file query-v5.tsv (TSV, C-alpha atoms (C1' of nucleotides))
chain	number	residue	atom	x	y	z
P	1	MET	CA	117.56	122.97	107.99
P	2	LYS	CA	118.04	125.94	110.25
P	3	THR	CA	117.24	128.94	108.16
P	4	ILE	CA	113.65	129.81	107.40
P	5	PRO	CA	112.52	129.27	103.82
P	6	GLN	CA	111.08	132.33	102.17
P	7	PRO	CA	108.87	131.41	99.21
P	8	PRO	CA	109.55	133.55	96.14
P	9	GLN	CA	106.57	135.71	95.23
P	10	SER	CA	107.22	135.85	91.53
P	11	LEU	CA	108.81	133.97	88.70
P	12	SER	CA	111.50	136.58	88.28
P	13	GLU	CA	112.39	136.33	91.94
P	14	LEU	CA	112.58	132.56	91.71
P	15	MET	CA	114.77	132.69	88.61
P	16	LYS	CA	116.97	135.31	90.19
P	17	ARG	CA	117.64	133.04	93.16
P	18	ALA	CA	118.14	130.00	90.97
P	19	ASN	CA	120.62	131.82	88.76
P	20	ALA	CA	122.47	133.04	91.80
P	21	MET	CA	123.19	129.41	92.73
P	22	ALA	CA	124.74	128.55	89.38
P	23	GLY	CA	128.41	127.74	89.69
P	24	LEU	CA	128.32	127.24	93.44
P	25	SER	CA	129.24	123.92	95.01
P	26	LEU	CA	126.86	121.87	97.11
P	27	GLY	CA	129.27	122.09	100.03
P	28	LEU	CA	129.23	125.88	99.93
P	29	LEU	CA	125.47	126.04	99.79
P	30	ALA	CA	125.06	123.50	102.58
P	31	HIS	CA	127.54	125.37	104.75
P	32	SER	CA	125.58	128.60	104.42
P	33	HIS	CA	122.60	126.82	105.93
P	34	ASN	CA	124.58	124.94	108.57
P	35	ILE	CA	123.66	121.68	106.91
P	36	THR	CA	125.97	118.68	107.12
P	37	VAL	CA	127.12	117.22	103.83
P	38	PRO	CA	126.81	113.42	103.69
P	39	LYS	CA	129.83	111.41	102.49
P	40	ASN	CA	127.72	109.70	99.86
P	41	LEU	CA	124.10	109.62	98.84
P	42	LYS	CA	123.52	105.94	99.53
P	43	ARG	CA	121.51	106.77	102.62
P	44	ASP	CA	120.65	110.33	101.66
P	45	LYS	CA	119.26	109.96	98.16
P	46	GLY	CA	117.03	112.98	98.42
P	47	TRP	CA	119.62	115.20	100.07
P	48	VAL	CA	120.49	117.27	97.03
P	49	GLY	CA	116.87	117.88	96.17
P	50	GLN	CA	116.06	118.91	99.72
P	51	LEU	CA	119.00	121.32	99.81
P	52	ILE	CA	117.98	123.06	96.60
P	53	GLU	CA	114.35	123.22	97.66
P	54	HIS	CA	115.41	124.83	100.88
P	55	GLU	CA	117.66	127.34	99.16
P	56	LEU	CA	114.91	128.42	96.79
P	57	GLY	CA	112.25	128.49	99.46
P	58	ALA	CA	110.06	125.70	98.12
P	59	ILE	CA	107.18	124.82	100.37
P	60	ALA	CA	108.15	121.59	102.10
P	61	GLY	CA	105.70	118.78	102.54
P	62	SER	CA	104.65	115.62	100.81
P	63	LYS	CA	101.66	116.86	98.90
P	64	PRO	CA	101.07	115.82	95.28
P	65	GLU	CA	101.33	119.44	94.22
P	66	PRO	CA	103.92	121.61	92.49
P	67	ASP	CA	106.74	122.91	94.67
P	68	PHE	CA	105.75	126.47	93.99
P	69	ALA	CA	101.97	126.24	93.94
P	70	ASN	CA	101.49	129.96	93.60
P	71	LEU	CA	103.68	130.02	90.51
P	72	GLY	CA	102.63	126.66	89.11
P	73	ILE	CA	106.24	125.52	88.92
P	74	GLU	CA	107.75	122.16	89.79
P	75	LEU	CA	111.37	122.12	90.95
P	76	LYS	CA	113.65	119.26	89.99
P	77	THR	CA	117.35	118.71	90.44
P	78	ILE	CA	118.91	116.36	87.92
P	79	PRO	CA	122.33	114.67	88.09
P	80	ILE	CA	124.45	115.12	84.97
P	81	ASN	CA	127.87	113.94	83.80
P	82	HIS	CA	130.70	116.02	82.35
P	83	GLN	CA	128.97	116.12	78.99
P	84	GLY	CA	125.81	117.57	80.44
P	85	LYS	CA	123.96	114.31	79.98
P	86	PRO	CA	121.57	113.13	82.71
P	87	ILE	CA	122.89	110.18	84.71
P	88	GLU	CA	119.55	109.06	86.07
P	89	THR	CA	115.91	108.95	85.02
P	90	THR	CA	113.75	111.58	86.67
P	91	TYR	CA	110.99	110.73	89.09
P	92	VAL	CA	107.77	112.59	88.37
P	93	THR	CA	105.05	111.27	90.65
P	94	VAL	CA	103.44	108.12	91.99
P	95	ALA	CA	101.01	106.41	89.67
P	96	PRO	CA	97.34	106.38	90.68
P	97	LEU	CA	96.23	102.74	90.84
P	98	GLN	CA	92.61	103.02	91.90
P	99	ASN	CA	89.62	105.27	91.33
P	100	ILE	CA	91.01	106.07	87.94
P	101	GLN	CA	87.95	105.39	85.81
P	102	GLY	CA	87.50	108.32	83.50
P	103	LEU	CA	90.78	109.94	84.50
P	104	THR	CA	92.07	111.94	81.57
P	105	TRP	CA	95.55	113.14	80.69
P	106	GLU	CA	94.50	116.73	81.24
P	107	ASN	CA	93.36	115.87	84.77
P	108	SER	CA	96.38	113.77	85.67
P	109	VAL	CA	99.01	114.75	88.18
P	110	VAL	CA	101.70	114.04	85.63
P	111	TYR	CA	100.26	116.60	83.23
P	112	HIS	CA	99.99	119.30	85.85
P	113	LYS	CA	103.44	118.70	87.27
P	114	LEU	CA	105.10	118.87	83.89
P	115	ARG	CA	103.37	122.01	82.67
P	116	GLN	CA	106.28	124.03	83.95
P	117	VAL	CA	109.47	122.63	85.43
P	118	LEU	CA	112.52	124.44	86.75
P	119	TRP	CA	115.44	122.08	86.14
P	120	ILE	CA	118.58	122.49	88.23
P	121	PRO	CA	121.40	120.41	86.67
P	122	ILE	CA	123.99	119.26	89.20
P	123	GLN	CA	127.20	117.32	88.69
P	124	GLY	CA	126.42	113.80	89.77
P	125	GLU	CA	129.35	111.62	88.81
P	126	ARG	CA	130.32	109.44	91.71
P	127	HIS	CA	134.01	110.24	91.57
P	128	ILE	CA	133.25	113.87	92.42
P	129	PRO	CA	132.94	114.47	96.18
P	130	ILE	CA	129.47	115.74	97.04
P	131	ASN	CA	131.10	118.78	98.61
P	132	ASP	CA	132.64	119.77	95.28
P	133	ARG	CA	129.73	119.08	92.97
P	134	GLN	CA	128.71	122.25	91.19
P	135	ILE	CA	125.25	123.54	90.51
P	136	GLY	CA	124.48	124.30	86.89
P	137	THR	CA	122.43	126.89	85.07
P	138	PRO	CA	118.72	126.57	85.81
P	139	ILE	CA	116.40	125.87	82.91
P	140	LEU	CA	112.72	126.79	82.99
P	141	TRP	CA	110.97	124.31	80.72
P	142	ARG	CA	107.52	124.03	79.25
P	143	PRO	CA	106.77	120.99	77.08
P	144	SER	CA	106.48	121.71	73.37
P	145	ASP	CA	103.42	120.40	71.54
P	146	ILE	CA	105.41	117.43	70.34
P	147	GLU	CA	106.81	116.65	73.79
P	148	MET	CA	103.39	116.97	75.35
P	149	GLN	CA	102.01	114.57	72.76
P	150	GLN	CA	104.73	112.02	73.53
P	151	LEU	CA	104.00	112.24	77.24
P	152	LYS	CA	100.27	111.96	76.73
P	153	GLN	CA	100.61	108.93	74.50
P	154	ASP	CA	102.82	107.04	76.94
P	155	TRP	CA	100.63	108.02	79.88
P	156	GLU	CA	97.45	106.84	78.21
P	157	GLU	CA	99.02	103.55	77.20
P	158	ILE	CA	100.22	102.85	80.72
P	159	MET	CA	97.00	103.98	82.39
P	160	GLU	CA	94.92	101.79	80.11
P	161	LEU	CA	96.85	98.73	81.21
P	162	ILE	CA	96.38	99.68	84.85
P	163	THR	CA	92.65	100.20	84.31
P	164	LEU	CA	92.43	96.78	82.68
P	165	GLY	CA	94.03	95.18	85.73
P	166	GLN	CA	97.20	94.39	83.85
P	167	ILE	CA	99.58	96.41	85.97
P	168	ASP	CA	101.77	93.41	86.66
P	169	SER	CA	102.47	93.14	82.95
P	170	ILE	CA	103.83	96.66	82.80
P	171	THR	CA	107.60	97.01	82.84
P	172	ALA	CA	110.01	99.93	82.52
P	173	ARG	CA	110.13	99.17	78.80
P	174	HIS	CA	106.71	100.61	78.20
P	175	GLY	CA	106.65	104.16	76.93
P	176	GLU	CA	109.00	106.18	74.76
P	177	VAL	CA	109.65	109.07	77.15
P	178	LEU	CA	107.64	108.15	80.25
P	179	GLN	CA	108.09	104.87	82.07
P	180	LEU	CA	106.53	103.16	85.06
P	181	ARG	CA	108.84	101.66	87.68
P	182	PRO	CA	108.62	100.51	91.32
P	183	LYS	CA	108.45	103.35	93.80
P	184	ALA	CA	108.50	102.18	97.39
P	185	ALA	CA	110.69	101.55	100.41
P	186	ASN	CA	111.17	98.02	99.11
P	187	SER	CA	109.53	95.38	96.94
P	188	LYS	CA	107.48	93.98	99.81
P	189	ILE	CA	105.34	97.05	100.19
P	190	LEU	CA	101.86	96.54	98.77
P	191	THR	CA	99.04	98.85	97.81
P	192	GLN	CA	95.62	98.37	96.26
P	193	CYS	CA	95.18	98.27	92.51
P	194	ILE	CA	92.66	97.04	89.97
P	195	GLY	CA	92.50	93.27	89.59
P	196	LYS	CA	92.01	91.31	86.40
P	197	GLU	CA	88.31	90.88	87.03
P	198	GLY	CA	87.84	94.51	87.84
P	199	GLY	CA	88.00	93.92	91.55
P	200	LEU	CA	90.71	94.85	94.02
P	201	ALA	CA	94.18	93.38	94.03
P	202	LEU	CA	97.51	94.19	95.62
P	203	THR	CA	100.73	95.23	93.96
P	204	ASN	CA	103.94	97.14	94.49
P	205	PRO	CA	103.46	100.93	94.29
P	206	ARG	CA	104.71	102.45	91.03
P	207	GLY	CA	105.92	105.84	89.98
P	208	PHE	CA	106.23	107.66	86.67
P	209	TYR	CA	109.75	108.47	85.53
P	210	LEU	CA	111.08	110.51	82.60
P	211	LYS	CA	113.64	108.57	80.58
P	212	ILE	CA	117.15	109.92	80.16
P	213	ALA	CA	116.90	110.55	76.42
P	214	PHE	CA	113.95	112.83	77.06
P	215	THR	CA	115.48	114.88	79.85
P	216	HIS	CA	118.73	115.08	77.91
P	217	GLN	CA	116.79	116.64	75.07
P	218	ILE	CA	115.26	119.16	77.45
P	219	LEU	CA	118.57	120.21	78.94
P	220	SER	CA	120.06	120.56	75.46
P	221	GLN	CA	117.58	123.12	74.23
P	222	LEU	CA	118.95	126.21	75.90
P	223	ILE	CA	116.23	128.70	76.59
I	1	DG	C1'	127.77	101.30	79.60
I	2	DA	C1'	122.84	101.58	79.73
I	3	DT	C1'	118.73	100.05	81.78
I	4	DT	C1'	115.48	97.99	84.95
I	5	DG	C1'	113.87	96.85	89.19
I	6	DA	C1'	114.96	97.79	94.16
I	7	DT	C1'	115.90	100.70	97.79
I	8	DC	C1'	116.91	104.81	101.43
I	9	DA	C1'	115.42	108.96	104.43
I	10	DT	C1'	111.82	111.74	106.07
I	11	DA	C1'	107.07	113.93	106.93
I	12	DG	C1'	102.38	113.43	107.88
N	1	DC	C1'	100.86	103.51	104.15
N	2	DT	C1'	101.44	107.48	100.83
N	3	DA	C1'	103.86	111.04	99.19
N	4	DT	C1'	107.98	113.91	98.88
N	5	DG	C1'	113.12	113.99	97.53
N	6	DA	C1'	115.84	110.68	94.44
N	7	DT	C1'	120.07	107.13	93.68
N	8	DC	C1'	121.68	102.39	94.08
N	9	DA	C1'	123.12	98.20	92.07
N	10	DA	C1'	122.19	93.83	89.77
N	11	DT	C1'	121.49	92.54	85.23
N	12	DC	C1'	121.10	92.99	80.33
call {"tool": "encode", "arguments": {"input": "query-v5.tsv", "output": "structure tokens"}}
result
Amino acid sequence: MKTIPQPPQSLSELMKRANAMAGLSLGLLAHSHNITVPKNLKRDKGWVGQLIEHELGAIAGSKPEPDFANLGIELKTIPINHQGKPIETTYVTVAPLQNIQGLTWENSVVYHKLRQVLWIPIQGERHIPINDRQIGTPILWRPSDIEMQQLKQDWEEIMELITLGQIDSITARHGEVLQLRPKAANSKILTQCIGKEGGLALTNPRGFYLKIAFTHQILSQLI
DNA sequence: GATTGATCATAG
DNA sequence: CTATGATCAATC
């Protein structure tokens, strides 16, 4: 990353930049920033996201806050196939596993992150060289009442199990639109969580992910 | 082919 | 280790 990110000061400015990227290839965008394009994403899984963040001037850092704090917007790139269908689930945030007594949906990180999301669809089929993958039309999304209700319901169900010390019984099958899956360098990483007797226990860190059917629905409703 | 559980790079 | 950015790959 050699150029200096310039955070957009308004929504219109952000959208203007995002729309300007539509149709361009990742190779072209990377070249304009003197960034090397990896041959595959096996060891650079977050490369595409980082590139787009850089292009749009998102504030870098690993804080549990929206990418554009001043605008309240979360930026997410999402790999799609030739039919415009998402190829992967979408990571939202890590799941809080302790000090969660009394935590409500309205106060959760998931809720705040999904209030407003700027989706950047990008061709992700493996047979397409990363250099040639094209950036799609950005979609600014706000959950509808129904979508918000689905998210809230899944979140509350999952959080209740965690609070009850039953995190190890949770699998990716829980939830209609939101699921909980491992989120760590590997399965040997441990973090504190609530035990069965209400005490402390250790488990693999988890993260919340949006299922493909849900994100597909979002990308389908052209705004 | 879709899904679930595992994994990779980097910053602080 | 935790959090960001996600995709990989074994299994169903």
call {"tool": "residues_around", "arguments": {"input": "query-v5.tsv", "residues": "DA9 (chain N)", "least_positions_apart": "3", "cutoff": "12 Å", "atoms": "all atoms listed in the file", "output": "list of chain:residue names"}}
result
P:Lys42, I:DT3, I:DT4, I:DG5, I:DA6, I:DT7
call {"tool": "closest_residue", "arguments": {"input": "query-v5.tsv", "among": "P:Ile87, P:Val109, P:Leu97, P:Ala18", "to": "DG1 (chain I)", "atoms": "all atoms listed in the file"}}
result
P:Ile87
call {"tool": "closest_atom_pairs", "arguments": {"input": "query-v5.tsv", "of": "chain P", "to": "chain N", "cutoff": "8 Å", "atoms": "all atoms listed in the file", "output": "CSV"}}
result
residue,atom,partner,partner_atom,distance
P:Leu41,CA,N:DT7,C1',7.0
P:Lys42,CA,N:DC8,C1',6.8
P:Lys45,CA,N:DA6,C1',5.1
P:Gly46,CA,N:DG5,C1',4.1
P:Trp47,CA,N:DG5,C1',7.1
P:Gly49,CA,N:DG5,C1',5.6
P:Gln50,CA,N:DG5,C1',6.1
P:Gly61,CA,N:DT4,C1',6.5
P:Ser62,CA,N:DT4,C1',4.2
P:Lys63,CA,N:DA3,C1',6.2
P:Pro64,CA,N:DA3,C1',6.8
P:Glu88,CA,N:DT7,C1',7.9
P:Tyr91,CA,N:DA6,C1',7.2
P:Val94,CA,N:DA3,C1',7.8
call {"tool": "write_last_selection", "arguments": {"input": "query-v5.tsv", "atoms": "C-alpha atoms", "output": "compact mmCIF listing (two decimals), in the coordinates of the input"}}
result
# COMPACT_ATOMS: atom_id res chain seq x y z
CA LEU P 41 124.10 109.62 98.84
CA LYS P 42 123.52 105.94 99.53
CA LYS P 45 119.26 109.96 98.16
CA GLY P 46 117.03 112.98 98.42
CA TRP P 47 119.62 115.20 100.07
CA GLY P 49 116.87 117.88 96.17
CA GLN P 50 116.06 118.91 99.72
CA GLY P 61 105.70 118.78 102.54
CA SER P 62 104.65 115.62 100.81
CA LYS P 63 101.66 116.86 98.90
CA PRO P 64 101.07 115.82 95.28
CA GLU P 88 119.55 109.06 86.07
CA TYR P 91 110.99 110.73 89.09
CA VAL P 94 103.44 108.12 91.99
call {"tool": "interface_residues", "arguments": {"input": "query-v5.tsv", "of": "chain P", "to": "chain I", "cutoff": "6 Å", "atoms": "all atoms listed in the file", "output": "JSON, numbers by chain"}}
result
{"P": [43, 185, 186]}
call {"tool": "write_last_selection", "arguments": {"input": "query-v5.tsv", "atoms": "C-alpha atoms", "output": "PDB file, in the coordinates of the input"}}
result
ATOM      1  CA  ARG P  43     121.510 106.770 102.620  1.00  0.00           C
ATOM      2  CA  ALA P 185     110.690 101.550 100.410  1.00  0.00           C
ATOM      3  CA  ASN P 186     111.170  98.020  99.110  1.00  0.00           C
TER       4      ASN P 186
END
call {"tool": "closest_residue", "arguments": {"input": "query-v5.tsv", "among": "P:Ser144, P:Thr89, P:Thr104, P:Thr137", "to": "Gln116 (chain P)", "atoms": "only C-alpha atoms"}}
result
P:Ser144
call {"tool": "residues_around", "arguments": {"input": "query-v5.tsv", "residues": "region 202-211 of chain P", "least_positions_apart": "3", "cutoff": "9 Å", "atoms": "only C-alpha atoms (C1' of nucleotides)", "output": "number ranges by chain"}}
result
P: 88-97, 110, 155, 167-168, 176-184, 186-195, 214-216
call {"tool": "residues_around", "arguments": {"input": "query-v5.tsv", "residues": "Leu14 (chain P)", "least_positions_apart": "5", "cutoff": "9 Å", "atoms": "all atoms listed in the file", "output": "ChimeraX atom specification"}}
result
/P:7-9,19,56-57
call {"tool": "write_last_selection", "arguments": {"input": "query-v5.tsv", "atoms": "C-alpha atoms", "output": "compact mmCIF listing (two decimals), in the frame of the given file"}}
result
# COMPACT_ATOMS: atom_id res chain seq x y z
CA PRO P 7 108.87 131.41 99.21
CA PRO P 8 109.55 133.55 96.14
CA GLN P 9 106.57 135.71 95.23
CA ASN P 19 120.62 131.82 88.76
CA LEU P 56 114.91 128.42 96.79
CA GLY P 57 112.25 128.49 99.46
call {"tool": "atom_distance", "arguments": {"input": "query-v5.tsv", "atom1": "CA of Gly124 (chain P)", "atom2": "CA of Ile59 (chain P)"}}
result
24.6 Å
call {"tool": "closest_residue", "arguments": {"input": "query-v5.tsv", "among": "P:Gln83, P:Ser25, P:Ser108, P:Asn70", "to": "Val37 (chain P)", "atoms": "only C-alpha atoms"}}
result
P:Ser25
call {"tool": "closest_residue", "arguments": {"input": "query-v5.tsv", "among": "P:Glu106, P:Lys85, P:Ile218, P:Asn131", "to": "His31 (chain P)", "atoms": "all atoms listed in the file"}}
result
P:Asn131
call {"tool": "atom_distance", "arguments": {"input": "query-v5.tsv", "atom1": "CA of Pro138 (chain P)", "atom2": "CA of Ala20 (chain P)"}}
result
9.6 Å
call {"tool": "residues_around", "arguments": {"input": "query-v5.tsv", "residues": "Ile128 (chain P)", "least_positions_apart": "4", "cutoff": "12 Å", "atoms": "all atoms listed in the file", "output": "ChimeraX atom specification"}}
result
/P:25-27,39-41,79-82,122-124,132-134
call {"tool": "atom_distance", "arguments": {"input": "query-v5.tsv", "atom1": "CA of Met21 (chain P)", "atom2": "CA of Ile35 (chain P)"}}
result
16.2 Å
